[in-house]
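data.cif follows (mmCIF, C-alpha atoms):
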```cif
data_protein
#
loop_
_atom_site.label_atom_id
_atom_site.label_comp_id
_atom_site.auth_asym_id
_atom_site.auth_seq_id
_atom_site.Cartn_x
_atom_site.Cartn_y
_atom_site.Cartn_z
CA GLY A 1 -10.17 -10.80 -2.36
CA MET A 2 -12.88 -11.92 -4.77
CA ALA A 3 -12.47 -13.42 -8.24
CA HIS A 4 -16.07 -13.86 -9.46
CA GLU A 5 -19.37 -12.46 -8.23
CA ASN A 6 -22.46 -14.64 -7.99
CA PRO A 7 -25.93 -13.04 -8.32
CA PHE A 8 -27.10 -15.10 -5.33
CA GLY A 9 -24.18 -14.03 -3.13
CA TRP A 10 -22.14 -17.24 -3.39
CA ASN A 11 -19.08 -15.43 -4.64
CA GLN A 12 -15.66 -16.87 -5.35
CA GLY A 13 -14.07 -15.21 -2.37
CA PHE A 14 -15.03 -12.29 -0.11
CA LEU A 15 -17.20 -14.49 2.09
CA ALA A 16 -16.95 -14.42 5.88
CA GLU A 17 -16.18 -17.70 7.61
CA LYS A 18 -19.76 -18.08 8.81
CA GLU A 19 -21.04 -17.48 5.27
CA GLN A 20 -18.66 -20.14 3.96
CA GLY A 21 -20.05 -22.63 6.48
CA ASP A 22 -23.68 -21.82 5.70
CA ILE A 23 -23.06 -22.32 1.97
CA LEU A 24 -21.33 -25.66 2.55
CA VAL A 25 -24.29 -26.86 4.61
CA ARG A 26 -26.78 -25.81 1.93
CA LEU A 27 -24.77 -27.56 -0.77
CA PHE A 28 -24.63 -30.75 1.26
CA GLU A 29 -28.39 -30.54 1.82
CA ASP A 30 -28.77 -30.47 -1.97
CA ILE A 31 -26.56 -33.56 -2.28
CA LEU A 32 -28.75 -35.45 0.19
CA ALA A 33 -31.99 -34.19 -1.35
CA GLU A 34 -30.92 -35.46 -4.79
CA ASP A 35 -29.91 -38.85 -3.32
CA MET A 36 -26.35 -38.53 -4.59
CA MET A 37 -23.55 -40.80 -3.36
CA GLY A 38 -21.71 -37.97 -1.59
CA GLY A 39 -19.37 -35.09 -2.12
CA LEU A 40 -16.14 -33.47 -1.04
CA ILE A 41 -15.61 -30.21 0.81
CA PHE A 42 -12.98 -28.10 -0.88
CA THR A 43 -10.87 -27.89 1.13
CA TRP A 44 -9.70 -29.14 4.54
CA GLN A 45 -6.94 -26.57 5.07
CA ASP A 46 -5.88 -23.21 3.66
CA GLU A 47 -3.25 -23.34 0.93
CA TRP A 48 -0.79 -20.46 0.86
CA PHE A 49 0.83 -21.61 -2.40
CA LYS A 50 -2.32 -21.10 -4.49
CA ARG A 51 -2.92 -18.35 -7.05
CA THR A 52 -5.99 -16.55 -8.36
CA TRP A 53 -6.34 -15.27 -11.93
CA ASN A 54 -7.04 -11.64 -11.03
CA THR A 55 -4.12 -11.26 -8.58
CA MET A 56 -1.50 -13.67 -10.00
CA ASP A 57 0.25 -10.89 -11.94
CA TYR A 58 0.71 -8.79 -8.80
CA ASP A 59 2.82 -11.07 -6.58
CA ASN A 60 6.04 -13.07 -6.83
CA PRO A 61 5.03 -16.58 -8.00
CA ASP A 62 8.18 -18.16 -6.56
CA ARG A 63 7.55 -16.91 -3.01
CA ARG A 64 3.84 -17.55 -2.46
CA PRO A 65 4.24 -20.28 0.22
CA HIS A 66 6.26 -17.91 2.40
CA TRP A 67 3.41 -15.54 3.26
CA SER A 68 -0.39 -15.42 3.42
CA ASN A 69 -2.03 -13.37 0.67
CA ALA A 70 -5.44 -12.24 1.94
CA GLN A 71 -6.27 -10.82 -1.51
CA THR A 72 -5.93 -14.21 -3.24
CA ASN A 73 -9.14 -16.04 -2.32
CA GLU A 74 -7.93 -19.45 -3.54
CA GLN A 75 -5.61 -19.58 -0.54
CA HIS A 76 -8.41 -19.41 2.01
CA PHE A 77 -11.05 -22.02 1.14
CA GLY A 78 -10.08 -24.30 4.05
CA LEU A 79 -12.03 -25.27 7.16
CA LEU A 80 -8.67 -25.08 8.94
CA SER A 81 -6.75 -21.84 8.70
CA PHE A 82 -3.12 -20.95 9.26
CA ASP A 83 -3.09 -17.40 10.58
CA ARG A 84 -1.24 -15.91 13.51
CA LEU A 85 -3.54 -12.88 13.49
CA LYS A 86 -0.89 -11.20 15.60
CA ILE A 87 -3.20 -8.24 16.21
CA LYS A 88 -6.77 -9.39 16.83
CA LEU A 89 -8.45 -6.13 15.77
CA ASP A 90 -10.77 -5.86 18.75
CA GLY A 91 -9.62 -2.66 20.48
CA LYS A 92 -7.69 -4.47 23.21
CA LYS A 93 -4.08 -3.48 23.85
CA ASP A 94 -2.81 -6.91 24.94
CA ASP A 95 -1.68 -7.80 21.40
CA TRP A 96 0.59 -4.75 21.34
CA LYS A 97 2.63 -5.65 24.43
CA GLY A 98 6.29 -5.04 23.73
CA ALA A 99 5.59 -2.77 20.77
CA LYS A 100 7.00 0.71 21.20
CA PRO A 101 4.96 3.63 19.84
CA VAL A 102 6.39 5.20 16.71
CA TYR A 103 4.78 8.48 17.79
CA SER A 104 3.69 9.94 21.13
CA ALA A 105 2.29 13.31 22.19
CA LYS A 106 0.87 14.31 25.57
CA ASN A 107 -1.41 17.20 24.69
CA ASN A 108 -2.62 16.38 21.19
CA ILE A 109 -5.76 14.59 20.03
CA LEU A 110 -3.46 11.97 18.47
CA ARG A 111 -1.68 10.48 21.47
CA HIS A 112 0.11 7.42 20.10
CA VAL A 113 0.75 5.54 16.85
CA PHE A 114 1.92 1.91 16.76
CA MET A 115 2.84 -0.35 13.82
CA ASP A 116 3.34 -4.12 13.55
CA HIS A 117 3.01 -6.93 11.00
CA ASP A 118 2.68 -10.66 10.47
CA GLU A 119 2.63 -12.97 7.44
CA ARG A 120 -0.72 -11.60 6.25
CA TYR A 121 -1.15 -7.99 7.35
CA LEU A 122 0.48 -4.67 8.11
CA TYR A 123 -1.08 -3.30 11.31
CA VAL A 124 -1.53 0.29 12.51
CA ARG A 125 -2.97 1.43 15.83
CA MET A 126 -3.89 5.02 16.66
CA ASP A 127 -4.73 6.14 20.20
CA LEU A 128 -6.81 9.32 20.36
CA ASP A 129 -8.06 11.54 23.16
CA THR A 130 -11.80 11.04 22.75
CA ALA A 131 -12.75 13.15 25.77
CA LYS A 132 -10.89 16.09 24.31
CA SER A 133 -12.00 15.86 20.70
CA GLY A 134 -14.93 13.55 20.08
CA TRP A 135 -12.72 12.57 17.16
CA THR A 136 -15.20 10.35 15.35
CA LYS A 137 -17.39 13.44 14.80
CA ASN A 138 -14.92 16.30 14.51
CA VAL A 139 -11.80 14.89 12.86
CA SER A 140 -10.99 11.91 10.66
CA PRO A 141 -7.73 9.92 10.47
CA VAL A 142 -5.79 9.89 7.21
CA LEU A 143 -2.76 7.63 6.73
CA LEU A 144 -0.15 8.04 4.00
CA PHE A 145 2.11 5.18 2.89
CA ASP A 146 5.26 5.46 0.75
CA VAL A 147 5.94 1.95 -0.56
CA SER A 148 8.08 2.32 -3.70
CA PRO A 149 11.03 4.72 -3.35
CA GLY A 150 11.40 7.60 -5.80
CA GLN A 151 7.77 8.06 -6.78
CA GLY A 152 4.43 9.08 -5.31
CA ASN A 153 2.22 12.11 -4.81
CA LYS A 154 3.78 15.02 -2.93
CA LYS A 155 0.42 16.75 -2.80
CA ILE A 156 -3.09 15.48 -2.10
CA ASP A 157 -6.09 16.74 -4.05
CA SER A 158 -8.46 16.01 -1.16
CA VAL A 159 -6.32 17.69 1.55
CA SER A 160 -5.34 21.19 0.48
CA ASP A 161 -2.96 22.37 3.20
CA VAL A 162 -0.22 19.74 3.20
CA GLN A 163 2.90 19.13 1.10
CA LEU A 164 4.87 15.88 1.34
CA GLU A 165 8.65 15.79 1.26
CA SER A 166 8.47 12.09 0.43
CA GLY A 167 5.83 11.03 -2.09
CA ALA A 168 2.86 8.96 -0.95
CA ASP A 169 1.81 5.86 -2.90
CA PHE A 170 -1.32 5.14 -0.84
CA LEU A 171 -3.90 7.21 1.02
CA LEU A 172 -6.09 5.60 3.69
CA THR A 173 -9.12 7.39 5.10
CA ILE A 174 -11.47 6.42 7.94
CA ASN A 175 -14.87 8.07 8.30
CA GLY A 176 -16.18 6.49 11.48
CA LYS A 177 -17.55 2.95 11.41
CA LYS A 178 -19.48 3.43 8.19
CA GLU A 179 -16.74 4.11 5.70
CA GLY A 180 -13.07 3.35 5.22
CA GLN A 181 -11.10 3.40 1.99
CA LEU A 182 -7.59 2.76 0.71
CA LEU A 183 -6.61 4.68 -2.44
CA VAL A 184 -3.55 4.33 -4.67
CA ASN A 185 -1.48 6.92 -6.53
CA SER A 186 -2.84 6.83 -10.10
CA TYR A 187 0.69 6.25 -11.43
CA TYR A 188 1.13 3.23 -9.10
CA ASP A 189 -2.27 1.68 -9.88
CA PRO A 190 -1.73 -1.86 -11.30
CA PHE A 191 -5.39 -2.24 -12.30
CA LEU A 192 -5.30 0.96 -14.35
CA TYR A 193 -1.98 -0.06 -15.89
CA GLN A 194 -3.01 -3.64 -16.71
CA TYR A 195 -6.55 -3.16 -17.98
CA GLY A 196 -6.53 0.47 -19.04
CA VAL A 197 -3.17 1.50 -20.45
CA GLN A 198 -1.81 -1.92 -21.38
CA ALA A 199 -4.81 -4.05 -22.45
CA LYS A 200 -7.11 -1.07 -23.24
CA ILE A 201 -10.14 -2.90 -21.84
CA LEU A 202 -11.45 -0.02 -19.74
CA LYS A 203 -13.92 2.30 -21.43
CA PRO A 204 -13.15 5.04 -22.15
CA ILE A 205 -9.50 4.13 -22.60
CA PRO A 206 -7.59 6.16 -20.01
CA GLU A 207 -4.53 8.24 -20.75
CA LYS A 208 -1.22 7.32 -19.17
CA PRO A 209 -1.23 8.88 -15.70
CA GLN A 210 1.48 11.21 -14.46
CA ASP A 211 3.38 10.64 -11.25
CA ASN A 212 2.95 13.27 -8.54
CA SER A 213 -0.37 14.42 -10.01
CA GLY A 214 -2.02 14.55 -6.58
CA THR A 215 -4.61 12.01 -7.76
CA PHE A 216 -5.37 8.85 -5.81
CA ASN A 217 -7.56 6.16 -7.41
CA PRO A 218 -9.91 3.61 -5.84
CA ILE A 219 -8.29 0.16 -5.85
CA TYR A 220 -10.11 -2.21 -8.20
CA TYR A 221 -9.78 -5.90 -9.07
CA ALA A 222 -11.19 -7.57 -12.17
CA LEU A 223 -14.15 -9.94 -11.77
CA ASN A 224 -14.97 -11.05 -15.33
CA LYS A 225 -13.44 -10.22 -18.66
CA GLU A 226 -15.70 -9.27 -21.56
CA ARG A 227 -17.22 -12.35 -23.20
CA THR A 228 -19.96 -13.31 -25.66
CA ARG A 229 -22.62 -15.91 -24.89
CA PRO A 230 -22.51 -18.49 -27.71
CA ASP A 231 -26.27 -19.14 -27.59
CA THR A 232 -27.64 -15.59 -27.56
CA LYS A 233 -24.55 -13.67 -28.81
CA GLU A 234 -25.11 -11.30 -25.89
CA VAL A 235 -21.94 -9.41 -25.00
CA LEU A 236 -21.29 -9.50 -21.27
CA PRO A 237 -19.16 -6.52 -20.28
CA PHE A 238 -15.88 -6.39 -18.41
CA GLU A 239 -16.66 -6.33 -14.70
CA TYR A 240 -14.62 -5.23 -11.70
CA TYR A 241 -15.15 -4.23 -8.07
CA GLU A 242 -13.52 -1.95 -5.53
CA THR A 243 -11.36 -4.06 -3.23
CA GLY A 244 -9.94 -1.03 -1.42
CA LYS A 245 -13.17 -0.43 0.52
CA LEU A 246 -12.48 -1.06 4.19
CA ARG A 247 -14.93 -2.86 6.44
CA HIS A 248 -15.45 -2.14 10.13
CA GLY A 249 -15.73 -5.12 12.42
CA ASN A 250 -14.22 -7.24 15.16
CA GLY A 251 -11.33 -9.38 13.91
CA ASN A 252 -10.88 -11.56 17.00
CA PRO A 253 -12.00 -15.17 16.31
CA GLU A 254 -12.80 -15.57 20.02
CA SER A 255 -15.32 -12.72 19.99
CA GLY A 256 -19.05 -13.30 19.63
CA ASP A 257 -19.28 -10.69 16.88
CA TYR A 258 -16.21 -11.93 15.00
CA ASP A 259 -16.02 -10.87 11.33
CA SER A 260 -13.19 -12.51 9.38
CA LEU A 261 -13.51 -9.83 6.67
CA ALA A 262 -12.96 -6.90 9.05
CA ASP A 263 -10.31 -4.33 8.07
CA TYR A 264 -10.51 -1.92 10.99
CA TYR A 265 -12.03 -1.58 14.44
CA ILE A 266 -12.95 1.56 16.40
CA ASP A 267 -13.23 1.52 20.19
CA GLU A 268 -14.88 4.91 20.73
CA LYS A 269 -14.92 4.66 24.51
CA ASN A 270 -11.16 4.18 24.82
CA GLY A 271 -10.18 6.10 21.68
CA ILE A 272 -8.49 3.19 19.89
CA LEU A 273 -8.41 2.66 16.14
CA GLU A 274 -6.86 -0.57 14.81
CA ILE A 275 -6.30 -1.20 11.10
CA ARG A 276 -4.99 -4.22 9.23
CA ILE A 277 -3.99 -3.97 5.57
CA PRO A 278 -3.33 -7.04 3.38
CA TRP A 279 0.20 -6.87 2.01
CA LEU A 280 -0.86 -7.13 -1.64
CA LEU A 281 -3.25 -4.20 -1.23
CA LEU A 282 -0.10 -2.07 -0.72
CA ASN A 283 1.53 -3.50 -3.90
CA VAL A 284 3.87 -5.66 -1.82
CA LYS A 285 4.79 -8.62 -4.02
CA ASP A 286 6.57 -10.55 -1.26
CA PRO A 287 6.70 -9.16 2.29
CA SER A 288 9.06 -11.94 3.38
CA GLN A 289 11.79 -10.35 1.22
CA ARG A 290 10.52 -6.74 1.31
CA GLU A 291 9.82 -6.91 -2.45
CA VAL A 292 7.37 -4.35 -3.84
CA MET A 293 6.12 -3.31 -7.27
CA GLY A 294 8.44 -0.88 -9.01
CA ASP A 295 7.74 1.74 -11.68
CA LEU A 296 4.93 0.12 -13.68
CA TYR A 297 5.57 2.24 -16.76
CA LYS A 298 9.28 1.41 -16.85
CA GLN A 299 9.33 -2.16 -15.50
CA GLY A 300 5.82 -3.46 -16.10
CA LEU A 301 3.97 -5.76 -13.70
CA GLU A 302 6.92 -8.16 -13.71
CA GLY A 303 9.31 -5.57 -12.30
CA SER A 304 9.99 -5.09 -8.62
CA VAL A 305 12.30 -3.33 -6.21
CA GLN A 306 13.70 -4.20 -2.81
CA THR A 307 12.67 -1.70 -0.17
CA GLU A 308 14.06 -0.89 3.26
CA GLY A 309 10.52 -0.58 4.56
CA ILE A 310 7.26 1.33 4.27
CA ALA A 311 7.21 5.01 5.23
CA MET A 312 4.06 6.17 7.04
CA ALA A 313 2.62 9.53 8.03
CA ALA A 314 -0.64 10.26 9.85
CA LEU A 315 -3.01 13.20 9.65
CA LEU A 316 -6.13 14.25 11.48
CA VAL A 317 -8.31 16.34 9.19
CA ASP A 318 -11.50 18.27 9.95
CA LYS A 319 -14.74 18.33 7.97
CA ASP A 320 -13.26 20.96 5.62
CA ASN A 321 -10.36 18.56 4.89
CA ARG A 322 -7.86 20.79 6.67
CA VAL A 323 -5.09 19.28 8.76
CA LYS A 324 -5.57 19.68 12.51
CA GLU A 325 -2.66 17.50 13.60
CA SER A 326 0.01 15.46 11.88
CA PHE A 327 2.71 12.89 12.52
CA PRO A 328 5.41 13.92 11.90
CA ASP A 329 4.75 17.58 12.65
CA MET A 330 4.39 19.85 9.64
CA GLY A 331 7.10 22.44 9.08
CA PRO A 332 7.00 25.77 7.23
CA ASN A 333 4.69 26.00 4.20
CA HIS A 334 2.74 22.97 5.50
CA LEU A 335 5.61 20.64 4.57
CA LEU A 336 5.44 17.16 6.07
CA GLU A 337 9.03 15.99 6.41
CA LYS A 338 10.61 12.59 7.04
CA PRO A 339 7.72 10.16 7.55
CA PHE A 340 8.35 7.24 9.90
CA LEU A 341 10.03 4.28 8.16
CA TYR A 342 8.58 0.97 9.32
CA THR A 343 10.96 -1.87 8.53
CA TRP A 344 11.07 -5.56 9.42
CA GLU A 345 13.36 -8.55 9.24
CA LYS A 346 13.16 -10.72 6.14
CA TRP A 347 12.08 -14.33 6.61
CA ASP A 348 12.11 -17.69 4.83
CA GLN A 349 10.33 -19.68 7.53
CA PRO A 350 6.89 -18.13 8.15
CA GLU A 351 5.07 -18.44 11.45
CA ALA A 352 1.51 -19.73 11.51
CA LYS A 353 -1.02 -21.15 13.94
CA GLU A 354 -3.73 -23.68 13.13
CA ARG A 355 -7.28 -22.55 13.81
CA LEU A 356 -10.61 -24.19 13.04
CA LYS A 357 -12.83 -21.61 11.34
CA GLN A 358 -16.49 -20.81 11.94
CA SER A 359 -17.18 -22.77 8.73
CA TYR A 360 -15.90 -25.91 10.46
CA ASP A 361 -18.31 -25.35 13.34
CA ALA A 362 -21.26 -25.01 10.94
CA VAL A 363 -20.37 -28.19 9.05
CA GLN A 364 -19.74 -30.14 12.26
CA LYS A 365 -23.10 -29.08 13.70
CA TYR A 366 -24.93 -30.16 10.55
CA PHE A 367 -23.10 -33.49 10.25
CA GLU A 368 -24.28 -34.36 13.77
CA THR A 369 -27.89 -34.29 12.53
CA ILE A 370 -27.33 -36.80 9.73
CA LYS A 371 -28.44 -40.35 10.47
#
```
Could the structure of this file be written out as structure tokens, please?
Amino acid sequence: GMAHENPFGWNQGFLAEKEQGDILVRLFEDILAEDMMGGLIFTWQDEWFKRTWNTMDYDNPDRRPHWSNAQTNEQHFGLLSFDRLKIKLDGKKDDWKGAKPVYSAKNNILRHVFMDHDERYLYVRMDLDTAKSGWTKNVSPVLLFDVSPGQGNKKIDSVSDVQLESGADFLLTINGKKEGQLLVNSYYDPFLYQYGVQAKILKPIPEKPQDNSGTFNPIYYALNKERTRPDTKEVLPFEYYETGKLRHGNGNPESGDYDSLADYYIDEKNGILEIRIPWLLLNVKDPSQREVMGDLYKQGLEGSVQTEGIAMAALLVDKDNRVKESFPDMGPNHLLEKPFLYTWEKWDQPEAKERLKQSYDAVQKYFETIK
């Protein structure tokens, strides 16, 4: 998550651990160059209880310490993290030991699908037969998530030959290593509801969306509200960015090419795709109690519902956006019935593991040079 964007790249959030460390070193160099008495690094450890202005209306304020919200940048300024990172996002299967596949097929391109979770992410793994398909060139994975019961799109504008028995609230697409994206049903879009329909900040002012329209929107977060400079009277416009863009990279802190901002990893040789999705990006207000956003236009942002779990379906689509394979299998009239329901036990005591970040290493190395 990111809350403000800096023209020089020193944003409030959405900085990899190495970038955080490099910025801290540069700031300390400035302190020394100006002969100041000293300074403080903010902060020593991550703080799960914190809030950020552009996400604070989307979660349960009374349950923040019970889970790790990757979309709220204020929680992750520490040199010391608390993150199990149950699935390391590096293409290795060791993390999945004990996990049973939710789908298996011997002769299809899509061989297996696994799901798992921890206090920060929902994880999905897809095993594909690369020798048979060359899937990164010929077909693309599409994942559908039904989060809030009783609503969602039962058709998809971008995929013509599929009908959904259970509505989908989110649509995730992967186009090789260059592009990944998570989209939200326009009716279940909190950004559109908050800043478009409710506050009428977006220009042009959007109409109230209809559920089951087939439309999925990019997921945006606000960066700056419209404001006027007092000296020049210049009006600075409302700014926002797409937080649903997915980034390819290695998510294992022990790897030489580790990227703490990675969302998915493709191992082309072994046909493995691993994805991790921050809970809040799926409109989950508190995963520890399976609490999700409800009907925004009946309950508002404050409303929520308890869910039994998140229903998931998987598609492989070709370059013409036609379904080649699906999980579950499509029935007559291209109807996708009974998606897999992923559920989990509620918790009050979260699990976490301390880990010194790459930012700590950068600061430590620089401090060693100071006489």
(message) Need to verify the contact set: A:Val184, 12 Å, only C-alpha atoms, exclusion of same-chain residues closer than 5 positions in sequence. Can you return it as number ranges by chain?
(response) A: 143-148, 152-153, 156, 167-173, 189-192, 211-220, 242-245, 281-283
(request) For A:Leu336, list every protein, DNA or RNA residue within 9 Å, evaluated using only C-alpha atoms, and leave out those in the same chain fewer than 4 positions away; present the list as a list in words. (result)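 Residues near the query, excluding close chain neighbours: Val162, Gln163, Leu164, Glu165, Ser166, Ala313, Ser326, Phe327, Pro328, Asp329, Met330, Gly331 and Pro332 of chain A.
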Saved selection, atoms kept: C-alpha atoms, as a PDB file, in the frame of the given file:
```pdb
ATOM      1  CA  VAL A 162      -0.220  19.740   3.200  1.00  0.00           C
ATOM      2  CA  GLN A 163       2.900  19.130   1.100  1.00  0.00           C
ATOM      3  CA  LEU A 164       4.870  15.880   1.340  1.00  0.00           C
ATOM      4  CA  GLU A 165       8.650  15.790   1.260  1.00  0.00           C
ATOM      5  CA  SER A 166       8.470  12.090   0.430  1.00  0.00           C
ATOM      6  CA  ALA A 313       2.620   9.530   8.030  1.00  0.00           C
ATOM      7  CA  SER A 326       0.010  15.460  11.880  1.00  0.00           C
ATOM      8  CA  PHE A 327       2.710  12.890  12.520  1.00  0.00           C
ATOM      9  CA  PRO A 328       5.410  13.920  11.900  1.00  0.00           C
ATOM     10  CA  ASP A 329       4.750  17.580  12.650  1.00  0.00           C
ATOM     11  CA  MET A 330       4.390  19.850   9.640  1.00  0.00           C
ATOM     12  CA  GLY A 331       7.100  22.440   9.080  1.00  0.00           C
ATOM     13  CA  PRO A 332       7.000  25.770   7.230  1.00  0.00           C
TER      14      PRO A 332
END
```
Need the shell around A:Met2: protein/DNA/RNA residues with any atom at most 8 Å away, counting only C-alpha atoms. Skip same-chain ones fewer than 6 positions apart. Format as an mmCIF file with C-alpha atoms, keeping the file's coordinate frame?
```
data_model
loop_
_atom_site.group_PDB
_atom_site.id
_atom_site.type_symbol
_atom_site.label_atom_id
_atom_site.label_comp_id
_atom_site.auth_asym_id
_atom_site.auth_seq_id
_atom_site.Cartn_x
_atom_site.Cartn_y
_atom_site.Cartn_z
ATOM 1 C CA ASN A 11 -19.080 -15.430 -4.640
ATOM 2 C CA GLN A 12 -15.660 -16.870 -5.350
ATOM 3 C CA GLY A 13 -14.070 -15.210 -2.370
ATOM 4 C CA PHE A 14 -15.030 -12.290 -0.110
ATOM 5 C CA GLN A 71 -6.270 -10.820 -1.510
ATOM 6 C CA THR A 72 -5.930 -14.210 -3.240
ATOM 7 C CA ASN A 73 -9.140 -16.040 -2.320
ATOM 8 C CA LEU A 223 -14.150 -9.940 -11.770
#
```
Give as a PDB file with C-alpha atoms, in the coordinates of the input the residues that the PyMOL selection byres ((chain A and resi 121) around 6) matches when applied to the coordinates above.
```pdb
ATOM      1  CA  HIS A 117       3.010  -6.930  11.000  1.00  0.00           C
ATOM      2  CA  ASP A 118       2.680 -10.660  10.470  1.00  0.00           C
ATOM      3  CA  ARG A 120      -0.720 -11.600   6.250  1.00  0.00           C
ATOM      4  CA  LEU A 122       0.480  -4.670   8.110  1.00  0.00           C
ATOM      5  CA  ARG A 276      -4.990  -4.220   9.230  1.00  0.00           C
ATOM      6  CA  ILE A 277      -3.990  -3.970   5.570  1.00  0.00           C
ATOM      7  CA  PRO A 278      -3.330  -7.040   3.380  1.00  0.00           C
ATOM      8  CA  TRP A 279       0.200  -6.870   2.010  1.00  0.00           C
TER       9      TRP A 279
END
```
(request) Report the distance between atom CA of A:Thr343 and atom CA of A:Pro287 in Å, rounded to one decimal place. (result) 10.5 Å
(request) Using all atoms listed in the file, pick whichever of A:Lys93, A:His66, A:Lys233, A:Lys357 has the shortest atom-to-atom distance to A:Lys18. (result)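 Closest to A:Lys18, using all atoms listed in the file: A:Lys357.
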(message) Please enumerate the residues selected by the PyMOL selection byres ((chain A and resi 320-322) around 12) when evaluated against the supplied file, formatted as a ChimeraX atom specification.
(response) /A:138-142,156-162,173,175,315-319,323-326,334
